[in-house]
Amino acid sequence: MDLASAKVIGAGLAAIGVGAASIGVGFVFGSFLQSSLRNPAAADSQQGRLFIGFAAAELLGLMAFAVAMIILYAI
Amino acid sequence: MAAGSGKIDPMHQFVIEPIFGSFQRGNPFVFTNSALWTLIILATIYLFMMGGMKRALIPGRWQVAVEGLVSFVDDMVQANIGKEGRKYLPWIFTAFIFLLFANLMAYMPVGVFPGVHPFTVTAQFTFTGVMAIISFAIVLGVGFWKHGLKFFSLFVPHGTPLPMVPLIFVVELISFLVRPFSLGLRPFIAMFAGHILLDIFGNFVVQGLNAGGGGIGVSILCFLFVAFISALELLVAAIQAYVFAILTALYINDAEHLH
């Protein structure tokens, strides 16, 4: 296998990580919605934590994207 | 890039090009498109803030917008750091409003004028990385200034069993040292990925139109997709600025109160 095709395959494999992060982001917002519908009075005070959880889950997916970009363009 | 030329080059939009001067050895002062766009962003922030700082007794719409933005960040800082947070508000608000304006203005449709392109300064790791380094320098400075060497107790949470202390210390130290990296990487990659996505699907619209036939259907679908993704990216742009501000506040809270 030559380098060009290996690069494309590697970038495609790295893109799987983005999908995994989408599960995480969906879980964060889903759990927040579930619990905030049970106790709407407490929902507003937890928005900061919601976005921290979102940021942590999203960062890992963005890293997968960065790996894909590095494979495609930087190697 | 020529329209419909087959190969899509989404990285071209991030190239820093000199406007005055040139990239030669021994020529450190070059005015680039990045510098120009940064100046435009700073001028916009200045006009926006000055327009709302007239301190009228009955505020107009503009003043309400500016005061709302300031009190939004102020409330967030108060909630996360407490009363001592007020003295960190200048940096957190500066970082927030710069990231917000830089992210949002990169999506402005100024490309409708021929020859004008928005440049995404926050899609350069140098920008967000330096902002993360400033945040981290504040955290380290505050921590060592207030607590001296007791600052290292940040890495050992209360009630850790004694045999576990070395292991926990190493893990917490690594997680602490990764923070500036992840703080700077997050807005950078979010902007970078969003602009690449828009560029690729914008190219699909043009290529589909050029192909004709069934390509026109693909074009329409891609156009709708670009419209929705643009709305999503505006949301992401605001969220990334907010996340940078809230994480900076949390890290400063760690240094201020040591768990």
# chains A, B, ... in the order shown; residues from 1 in each chain; ligands from 1
>>> select_by_dssp(residues="range 32-208 of chain B", states="alpha helix (DSSP H)", output="ChimeraX atom specification")
/B:33-52,61-81,89-105,125-147,165-208
>>> write_last_selection(atoms="C-alpha atoms", output="short mmCIF file (atom, residue, chain, number, x, y, z; two decimals), in the first residue's frame")
data_model
loop_
_atom_site.label_atom_id
_atom_site.label_comp_id
_atom_site.auth_asym_id
_atom_site.auth_seq_id
_atom_site.Cartn_x
_atom_site.Cartn_y
_atom_site.Cartn_z
CA ASN B 33 -4.33 39.66 6.50
CA SER B 34 -4.47 38.19 10.01
CA ALA B 35 -3.25 41.48 11.52
CA LEU B 36 -5.70 43.47 9.41
CA TRP B 37 -8.66 41.33 10.47
CA THR B 38 -7.57 41.51 14.13
CA LEU B 39 -7.54 45.31 13.89
CA ILE B 40 -11.03 45.24 12.35
CA ILE B 41 -12.26 43.03 15.22
CA LEU B 42 -10.70 45.30 17.84
CA ALA B 43 -12.22 48.37 16.19
CA THR B 44 -15.65 46.69 16.19
CA ILE B 45 -15.32 45.77 19.87
CA TYR B 46 -14.26 49.34 20.65
CA LEU B 47 -17.20 50.86 18.79
CA PHE B 48 -19.61 48.35 20.37
CA MET B 49 -18.41 49.01 23.91
CA MET B 50 -18.12 52.79 23.54
CA GLY B 51 -21.60 53.00 22.03
CA GLY B 52 -23.04 51.41 25.17
CA ARG B 61 -31.18 49.36 23.33
CA TRP B 62 -27.45 49.55 22.71
CA GLN B 63 -26.63 50.27 26.34
CA VAL B 64 -28.85 47.39 27.46
CA ALA B 65 -26.98 45.07 25.09
CA VAL B 66 -23.55 46.09 26.41
CA GLU B 67 -24.63 46.07 30.05
CA GLY B 68 -26.31 42.72 29.58
CA LEU B 69 -23.13 41.23 28.13
CA VAL B 70 -20.99 42.61 30.97
CA SER B 71 -23.36 41.49 33.70
CA PHE B 72 -23.68 38.06 32.05
CA VAL B 73 -19.91 37.51 32.38
CA ASP B 74 -19.90 39.17 35.81
CA ASP B 75 -22.62 36.83 37.12
CA MET B 76 -20.76 33.84 35.71
CA VAL B 77 -17.53 34.92 37.43
CA GLN B 78 -19.33 35.60 40.72
CA ALA B 79 -21.01 32.20 40.60
CA ASN B 80 -17.76 30.36 39.93
CA ILE B 81 -15.15 32.26 41.94
CA LEU B 89 -13.25 40.05 35.55
CA PRO B 90 -11.17 42.28 33.21
CA TRP B 91 -9.21 39.39 31.72
CA ILE B 92 -12.15 36.97 31.58
CA PHE B 93 -14.38 39.57 29.93
CA THR B 94 -11.60 40.53 27.50
CA ALA B 95 -11.06 36.94 26.48
CA PHE B 96 -14.79 36.33 26.21
CA ILE B 97 -15.61 39.34 24.08
CA PHE B 98 -12.56 38.93 21.85
CA LEU B 99 -13.31 35.27 21.16
CA LEU B 100 -17.01 36.06 20.67
CA PHE B 101 -16.39 38.85 18.16
CA ALA B 102 -13.56 37.05 16.37
CA ASN B 103 -15.62 33.87 16.05
CA LEU B 104 -18.79 35.63 14.93
CA MET B 105 -17.09 38.03 12.52
CA PHE B 125 -3.48 28.16 17.17
CA THR B 126 -1.11 31.07 17.86
CA PHE B 127 -4.07 33.27 18.87
CA THR B 128 -5.99 30.86 21.07
CA GLY B 129 -2.78 29.31 22.38
CA VAL B 130 -1.46 32.66 23.60
CA MET B 131 -4.83 33.40 25.23
CA ALA B 132 -4.69 30.04 27.00
CA ILE B 133 -1.12 30.76 28.13
CA ILE B 134 -2.24 34.11 29.61
CA SER B 135 -5.08 32.37 31.47
CA PHE B 136 -2.72 29.72 32.75
CA ALA B 137 -0.13 32.31 33.78
CA ILE B 138 -2.82 34.06 35.85
CA VAL B 139 -3.73 30.74 37.48
CA LEU B 140 -0.10 29.94 38.35
CA GLY B 141 0.65 33.49 39.46
CA VAL B 142 -2.42 33.70 41.72
CA GLY B 143 -1.82 30.22 43.12
CA PHE B 144 1.82 30.73 44.05
CA TRP B 145 1.28 34.35 45.17
CA LYS B 146 -1.56 33.51 47.55
CA HIS B 147 -0.59 30.07 48.81
CA VAL B 165 -1.00 10.03 47.37
CA PRO B 166 1.92 9.59 44.89
CA LEU B 167 -0.36 8.10 42.24
CA ILE B 168 -3.08 10.75 42.67
CA PHE B 169 -0.44 13.48 42.65
CA VAL B 170 0.94 12.35 39.30
CA VAL B 171 -2.52 11.97 37.75
CA GLU B 172 -3.69 15.37 38.99
CA LEU B 173 -0.44 16.99 37.87
CA ILE B 174 -0.85 15.61 34.35
CA SER B 175 -4.48 16.73 34.24
CA PHE B 176 -3.37 20.19 35.42
CA LEU B 177 -0.62 20.45 32.83
CA VAL B 178 -2.94 19.44 29.97
CA ARG B 179 -5.34 22.29 30.84
CA PRO B 180 -3.68 25.16 28.92
CA PHE B 181 -3.31 22.89 25.91
CA SER B 182 -6.96 21.84 25.88
CA LEU B 183 -8.10 25.39 26.70
CA GLY B 184 -6.35 26.80 23.64
CA LEU B 185 -7.06 23.83 21.40
CA ARG B 186 -10.84 23.88 21.89
CA PRO B 187 -11.77 27.24 20.28
CA PHE B 188 -9.08 26.73 17.64
CA ILE B 189 -10.31 23.35 16.42
CA ALA B 190 -13.99 24.26 16.68
CA MET B 191 -13.48 27.25 14.38
CA PHE B 192 -11.07 25.36 12.13
CA ALA B 193 -13.44 22.41 11.67
CA GLY B 194 -16.47 24.62 11.13
CA HIS B 195 -14.81 26.64 8.39
CA ILE B 196 -13.47 23.55 6.63
CA LEU B 197 -16.95 22.01 6.69
CA LEU B 198 -18.56 25.15 5.26
CA ASP B 199 -15.85 25.46 2.61
CA ILE B 200 -16.21 21.86 1.45
CA PHE B 201 -20.00 21.98 1.21
CA GLY B 202 -19.91 25.40 -0.41
CA ASN B 203 -17.66 23.87 -3.06
CA PHE B 204 -20.13 21.01 -3.50
CA VAL B 205 -22.85 23.57 -4.34
CA VAL B 206 -20.70 25.11 -7.10
CA GLN B 207 -19.51 21.77 -8.46
CA GLY B 208 -23.05 20.38 -8.51
#
>>> closest_atom_pairs(of="chain A", to="chain B", cutoff="12 Å", atoms="only C-alpha atoms", output="tab-separated table")
residue	atom	partner	partner_atom	distance
A:Val18	CA	B:Ala193	CA	11.3
A:Ser45	CA	B:Ala79	CA	9.3
A:Gln46	CA	B:Ala79	CA	10.9
A:Gln47	CA	B:Met76	CA	10.3
A:Gly48	CA	B:Ile246	CA	7.4
A:Arg49	CA	B:Ile246	CA	9.5
A:Leu50	CA	B:Val243	CA	10.3
A:Phe51	CA	B:Val243	CA	6.6
A:Ile52	CA	B:Val243	CA	6.8
A:Gly53	CA	B:Val243	CA	10.0
A:Phe54	CA	B:Val243	CA	9.0
A:Ala55	CA	B:Val243	CA	6.8
A:Ala56	CA	B:Ser182	CA	9.2
A:Ala57	CA	B:Arg186	CA	10.9
A:Glu58	CA	B:Arg186	CA	8.4
A:Leu59	CA	B:Arg186	CA	6.0
A:Leu60	CA	B:Arg186	CA	9.4
A:Gly61	CA	B:Ile189	CA	10.0
A:Leu62	CA	B:Ile189	CA	6.3
A:Met63	CA	B:Ile189	CA	8.0
A:Ala64	CA	B:Ile189	CA	10.3
A:Phe65	CA	B:Ala193	CA	7.6
A:Ala66	CA	B:Ile189	CA	7.1
A:Val67	CA	B:Ile189	CA	10.9
A:Ala68	CA	B:Ala193	CA	10.9
A:Met69	CA	B:Ala193	CA	9.3
A:Ile70	CA	B:Met11	CA	11.8
A:Leu72	CA	B:Met11	CA	11.0
A:Tyr73	CA	B:Met11	CA	8.8
A:Ala74	CA	B:Met11	CA	11.3
>>> select_by_dssp(residues="range 13-196 of chain B", states="strand (DSSP E or B)", output="PDB file with C-alpha atoms, in the first residue's frame")
ATOM      1  CA  PRO B  18       1.375  39.602   3.692  1.00  0.00           C
ATOM      2  CA  ILE B  19      -0.454  42.784   2.726  1.00  0.00           C
ATOM      3  CA  PHE B  20       2.445  45.198   3.276  1.00  0.00           C
ATOM      4  CA  PHE B  31       1.341  43.474   7.998  1.00  0.00           C
ATOM      5  CA  THR B  32      -0.689  40.369   7.178  1.00  0.00           C
TER       6      THR B  32
END
>>> atom_distance(atom1="CA of Thr120 in chain B", atom2="CA of Val30 in chain B")
18.0 Å
>>> residues_around(residues="Lys7 in chain A", least_positions_apart="3", cutoff="8 Å", atoms="only C-alpha atoms", output="mmCIF file with N, CA and C atoms, in the first residue's frame")
data_model
loop_
_atom_site.group_PDB
_atom_site.id
_atom_site.type_symbol
_atom_site.label_atom_id
_atom_site.label_comp_id
_atom_site.auth_asym_id
_atom_site.auth_seq_id
_atom_site.Cartn_x
_atom_site.Cartn_y
_atom_site.Cartn_z
ATOM 1 N N LEU A 3 1.779 5.425 0.341
ATOM 2 C CA LEU A 3 1.514 6.361 1.441
ATOM 3 C C LEU A 3 0.209 7.125 1.220
ATOM 4 N N ALA A 4 -0.084 7.492 -0.026
ATOM 5 C CA ALA A 4 -1.259 8.333 -0.276
ATOM 6 C C ALA A 4 -2.541 7.616 0.131
ATOM 7 N N GLY A 10 -6.310 6.177 6.872
ATOM 8 C CA GLY A 10 -6.076 6.572 8.260
ATOM 9 C C GLY A 10 -6.952 7.741 8.668
ATOM 10 N N ALA A 11 -7.120 8.705 7.753
ATOM 11 C CA ALA A 11 -7.972 9.853 8.081
ATOM 12 C C ALA A 11 -9.414 9.405 8.249
ATOM 13 N N ILE A 71 -3.060 13.894 9.717
ATOM 14 C CA ILE A 71 -2.718 12.795 8.812
ATOM 15 C C ILE A 71 -2.823 13.249 7.364
ATOM 16 N N LEU A 72 -3.916 13.995 7.056
ATOM 17 C CA LEU A 72 -4.157 14.366 5.661
ATOM 18 C C LEU A 72 -3.168 15.407 5.169
#
>>> residues_around(residues="Ala42 in chain A", least_positions_apart="6", cutoff="12 Å", atoms="only C-alpha atoms", output="NGL selection string")
:A and (32-33 or 35-36)
>>> write_last_selection(atoms="N, CA and C atoms", output="PDB file, in the first residue's frame")
ATOM      1  N   PHE A  32     -29.042  16.147  30.806  1.00  0.00           N
ATOM      2  CA  PHE A  32     -29.433  17.442  31.382  1.00  0.00           C
ATOM      3  C   PHE A  32     -30.921  17.675  31.188  1.00  0.00           C
ATOM      4  N   LEU A  33     -31.407  17.371  29.996  1.00  0.00           N
ATOM      5  CA  LEU A  33     -32.824  17.600  29.711  1.00  0.00           C
ATOM      6  C   LEU A  33     -33.694  16.707  30.586  1.00  0.00           C
ATOM      7  N   SER A  35     -33.034  15.391  33.537  1.00  0.00           N
ATOM      8  CA  SER A  35     -33.083  15.783  34.942  1.00  0.00           C
ATOM      9  C   SER A  35     -33.732  17.149  35.109  1.00  0.00           C
ATOM     10  N   SER A  36     -33.562  18.035  34.104  1.00  0.00           N
ATOM     11  CA  SER A  36     -34.157  19.367  34.271  1.00  0.00           C
ATOM     12  C   SER A  36     -35.670  19.313  34.099  1.00  0.00           C
TER      13      SER A  36
END
>>> decode(residues="range 87-184 of chain B", atoms="C-alpha atoms", output="PDB file, in the first residue's frame")
ATOM      1  CA  LYS B  87     -10.543  41.365  40.169  1.00  0.00           C
ATOM      2  CA  TYR B  88     -10.266  38.699  37.458  1.00  0.00           C
ATOM      3  CA  LEU B  89     -13.254  40.051  35.554  1.00  0.00           C
ATOM      4  CA  PRO B  90     -11.167  42.284  33.209  1.00  0.00           C
ATOM      5  CA  TRP B  91      -9.212  39.389  31.721  1.00  0.00           C
ATOM      6  CA  ILE B  92     -12.148  36.973  31.585  1.00  0.00           C
ATOM      7  CA  PHE B  93     -14.381  39.569  29.934  1.00  0.00           C
ATOM      8  CA  THR B  94     -11.605  40.534  27.501  1.00  0.00           C
ATOM      9  CA  ALA B  95     -11.058  36.935  26.482  1.00  0.00           C
ATOM     10  CA  PHE B  96     -14.793  36.329  26.209  1.00  0.00           C
ATOM     11  CA  ILE B  97     -15.608  39.342  24.081  1.00  0.00           C
ATOM     12  CA  PHE B  98     -12.557  38.929  21.845  1.00  0.00           C
ATOM     13  CA  LEU B  99     -13.311  35.274  21.158  1.00  0.00           C
ATOM     14  CA  LEU B 100     -17.008  36.064  20.670  1.00  0.00           C
ATOM     15  CA  PHE B 101     -16.386  38.845  18.161  1.00  0.00           C
ATOM     16  CA  ALA B 102     -13.556  37.053  16.372  1.00  0.00           C
ATOM     17  CA  ASN B 103     -15.622  33.868  16.046  1.00  0.00           C
ATOM     18  CA  LEU B 104     -18.787  35.627  14.931  1.00  0.00           C
ATOM     19  CA  MET B 105     -17.089  38.033  12.519  1.00  0.00           C
ATOM     20  CA  ALA B 106     -15.344  35.159  10.782  1.00  0.00           C
ATOM     21  CA  TYR B 107     -18.804  34.030   9.649  1.00  0.00           C
ATOM     22  CA  MET B 108     -19.870  37.454   8.372  1.00  0.00           C
ATOM     23  CA  PRO B 109     -20.840  37.253   4.691  1.00  0.00           C
ATOM     24  CA  VAL B 110     -18.446  39.975   3.556  1.00  0.00           C
ATOM     25  CA  GLY B 111     -17.403  37.636   0.740  1.00  0.00           C
ATOM     26  CA  VAL B 112     -20.299  39.024  -1.345  1.00  0.00           C
ATOM     27  CA  PHE B 113     -18.013  41.974  -2.139  1.00  0.00           C
ATOM     28  CA  PRO B 114     -15.483  40.751  -4.711  1.00  0.00           C
ATOM     29  CA  GLY B 115     -11.954  40.449  -3.394  1.00  0.00           C
ATOM     30  CA  VAL B 116     -12.938  40.679   0.295  1.00  0.00           C
ATOM     31  CA  HIS B 117     -12.665  37.617   2.528  1.00  0.00           C
ATOM     32  CA  PRO B 118     -13.157  37.278   6.252  1.00  0.00           C
ATOM     33  CA  PHE B 119     -10.117  35.791   7.944  1.00  0.00           C
ATOM     34  CA  THR B 120     -10.619  33.514  10.932  1.00  0.00           C
ATOM     35  CA  VAL B 121      -8.020  34.669  13.444  1.00  0.00           C
ATOM     36  CA  THR B 122      -9.262  32.183  16.045  1.00  0.00           C
ATOM     37  CA  ALA B 123      -8.596  29.343  13.605  1.00  0.00           C
ATOM     38  CA  GLN B 124      -4.880  30.012  14.177  1.00  0.00           C
ATOM     39  CA  PHE B 125      -3.484  28.164  17.166  1.00  0.00           C
ATOM     40  CA  THR B 126      -1.115  31.068  17.863  1.00  0.00           C
ATOM     41  CA  PHE B 127      -4.069  33.271  18.874  1.00  0.00           C
ATOM     42  CA  THR B 128      -5.985  30.865  21.074  1.00  0.00           C
ATOM     43  CA  GLY B 129      -2.782  29.308  22.385  1.00  0.00           C
ATOM     44  CA  VAL B 130      -1.459  32.657  23.605  1.00  0.00           C
ATOM     45  CA  MET B 131      -4.829  33.405  25.233  1.00  0.00           C
ATOM     46  CA  ALA B 132      -4.691  30.037  27.000  1.00  0.00           C
ATOM     47  CA  ILE B 133      -1.118  30.760  28.129  1.00  0.00           C
ATOM     48  CA  ILE B 134      -2.240  34.106  29.611  1.00  0.00           C
ATOM     49  CA  SER B 135      -5.083  32.372  31.474  1.00  0.00           C
ATOM     50  CA  PHE B 136      -2.723  29.719  32.751  1.00  0.00           C
ATOM     51  CA  ALA B 137      -0.128  32.305  33.777  1.00  0.00           C
ATOM     52  CA  ILE B 138      -2.822  34.060  35.845  1.00  0.00           C
ATOM     53  CA  VAL B 139      -3.727  30.736  37.485  1.00  0.00           C
ATOM     54  CA  LEU B 140      -0.095  29.938  38.347  1.00  0.00           C
ATOM     55  CA  GLY B 141       0.646  33.494  39.462  1.00  0.00           C
ATOM     56  CA  VAL B 142      -2.418  33.702  41.723  1.00  0.00           C
ATOM     57  CA  GLY B 143      -1.821  30.224  43.124  1.00  0.00           C
ATOM     58  CA  PHE B 144       1.816  30.733  44.051  1.00  0.00           C
ATOM     59  CA  TRP B 145       1.275  34.349  45.167  1.00  0.00           C
ATOM     60  CA  LYS B 146      -1.562  33.505  47.554  1.00  0.00           C
ATOM     61  CA  HIS B 147      -0.586  30.066  48.806  1.00  0.00           C
ATOM     62  CA  GLY B 148       3.136  29.707  48.135  1.00  0.00           C
ATOM     63  CA  LEU B 149       4.227  26.074  48.091  1.00  0.00           C
ATOM     64  CA  LYS B 150       0.886  25.036  49.623  1.00  0.00           C
ATOM     65  CA  PHE B 151      -0.394  25.458  46.065  1.00  0.00           C
ATOM     66  CA  PHE B 152       0.829  21.909  45.417  1.00  0.00           C
ATOM     67  CA  SER B 153      -1.868  20.601  47.767  1.00  0.00           C
ATOM     68  CA  LEU B 154      -4.165  21.284  44.803  1.00  0.00           C
ATOM     69  CA  PHE B 155      -2.878  18.012  43.375  1.00  0.00           C
ATOM     70  CA  VAL B 156      -3.845  15.957  46.452  1.00  0.00           C
ATOM     71  CA  PRO B 157      -7.583  16.102  47.178  1.00  0.00           C
ATOM     72  CA  HIS B 158      -8.784  15.959  50.790  1.00  0.00           C
ATOM     73  CA  GLY B 159      -9.159  12.502  52.280  1.00  0.00           C
ATOM     74  CA  THR B 160      -6.828  10.719  49.898  1.00  0.00           C
ATOM     75  CA  PRO B 161      -5.494   7.532  51.578  1.00  0.00           C
ATOM     76  CA  LEU B 162      -1.755   7.848  52.177  1.00  0.00           C
ATOM     77  CA  PRO B 163      -0.643   4.975  49.879  1.00  0.00           C
ATOM     78  CA  MET B 164      -2.574   6.564  47.037  1.00  0.00           C
ATOM     79  CA  VAL B 165      -1.000  10.026  47.373  1.00  0.00           C
ATOM     80  CA  PRO B 166       1.921   9.588  44.894  1.00  0.00           C
ATOM     81  CA  LEU B 167      -0.359   8.103  42.242  1.00  0.00           C
ATOM     82  CA  ILE B 168      -3.079  10.749  42.672  1.00  0.00           C
ATOM     83  CA  PHE B 169      -0.441  13.477  42.655  1.00  0.00           C
ATOM     84  CA  VAL B 170       0.937  12.346  39.301  1.00  0.00           C
ATOM     85  CA  VAL B 171      -2.520  11.967  37.748  1.00  0.00           C
ATOM     86  CA  GLU B 172      -3.689  15.374  38.990  1.00  0.00           C
ATOM     87  CA  LEU B 173      -0.439  16.988  37.872  1.00  0.00           C
ATOM     88  CA  ILE B 174      -0.853  15.614  34.351  1.00  0.00           C
ATOM     89  CA  SER B 175      -4.483  16.733  34.236  1.00  0.00           C
ATOM     90  CA  PHE B 176      -3.370  20.192  35.423  1.00  0.00           C
ATOM     91  CA  LEU B 177      -0.623  20.454  32.831  1.00  0.00           C
ATOM     92  CA  VAL B 178      -2.941  19.436  29.972  1.00  0.00           C
ATOM     93  CA  ARG B 179      -5.344  22.287  30.838  1.00  0.00           C
ATOM     94  CA  PRO B 180      -3.682  25.156  28.920  1.00  0.00           C
ATOM     95  CA  PHE B 181      -3.315  22.889  25.907  1.00  0.00           C
ATOM     96  CA  SER B 182      -6.960  21.844  25.878  1.00  0.00           C
ATOM     97  CA  LEU B 183      -8.104  25.385  26.701  1.00  0.00           C
ATOM     98  CA  GLY B 184      -6.354  26.803  23.642  1.00  0.00           C
TER      99      GLY B 184
END
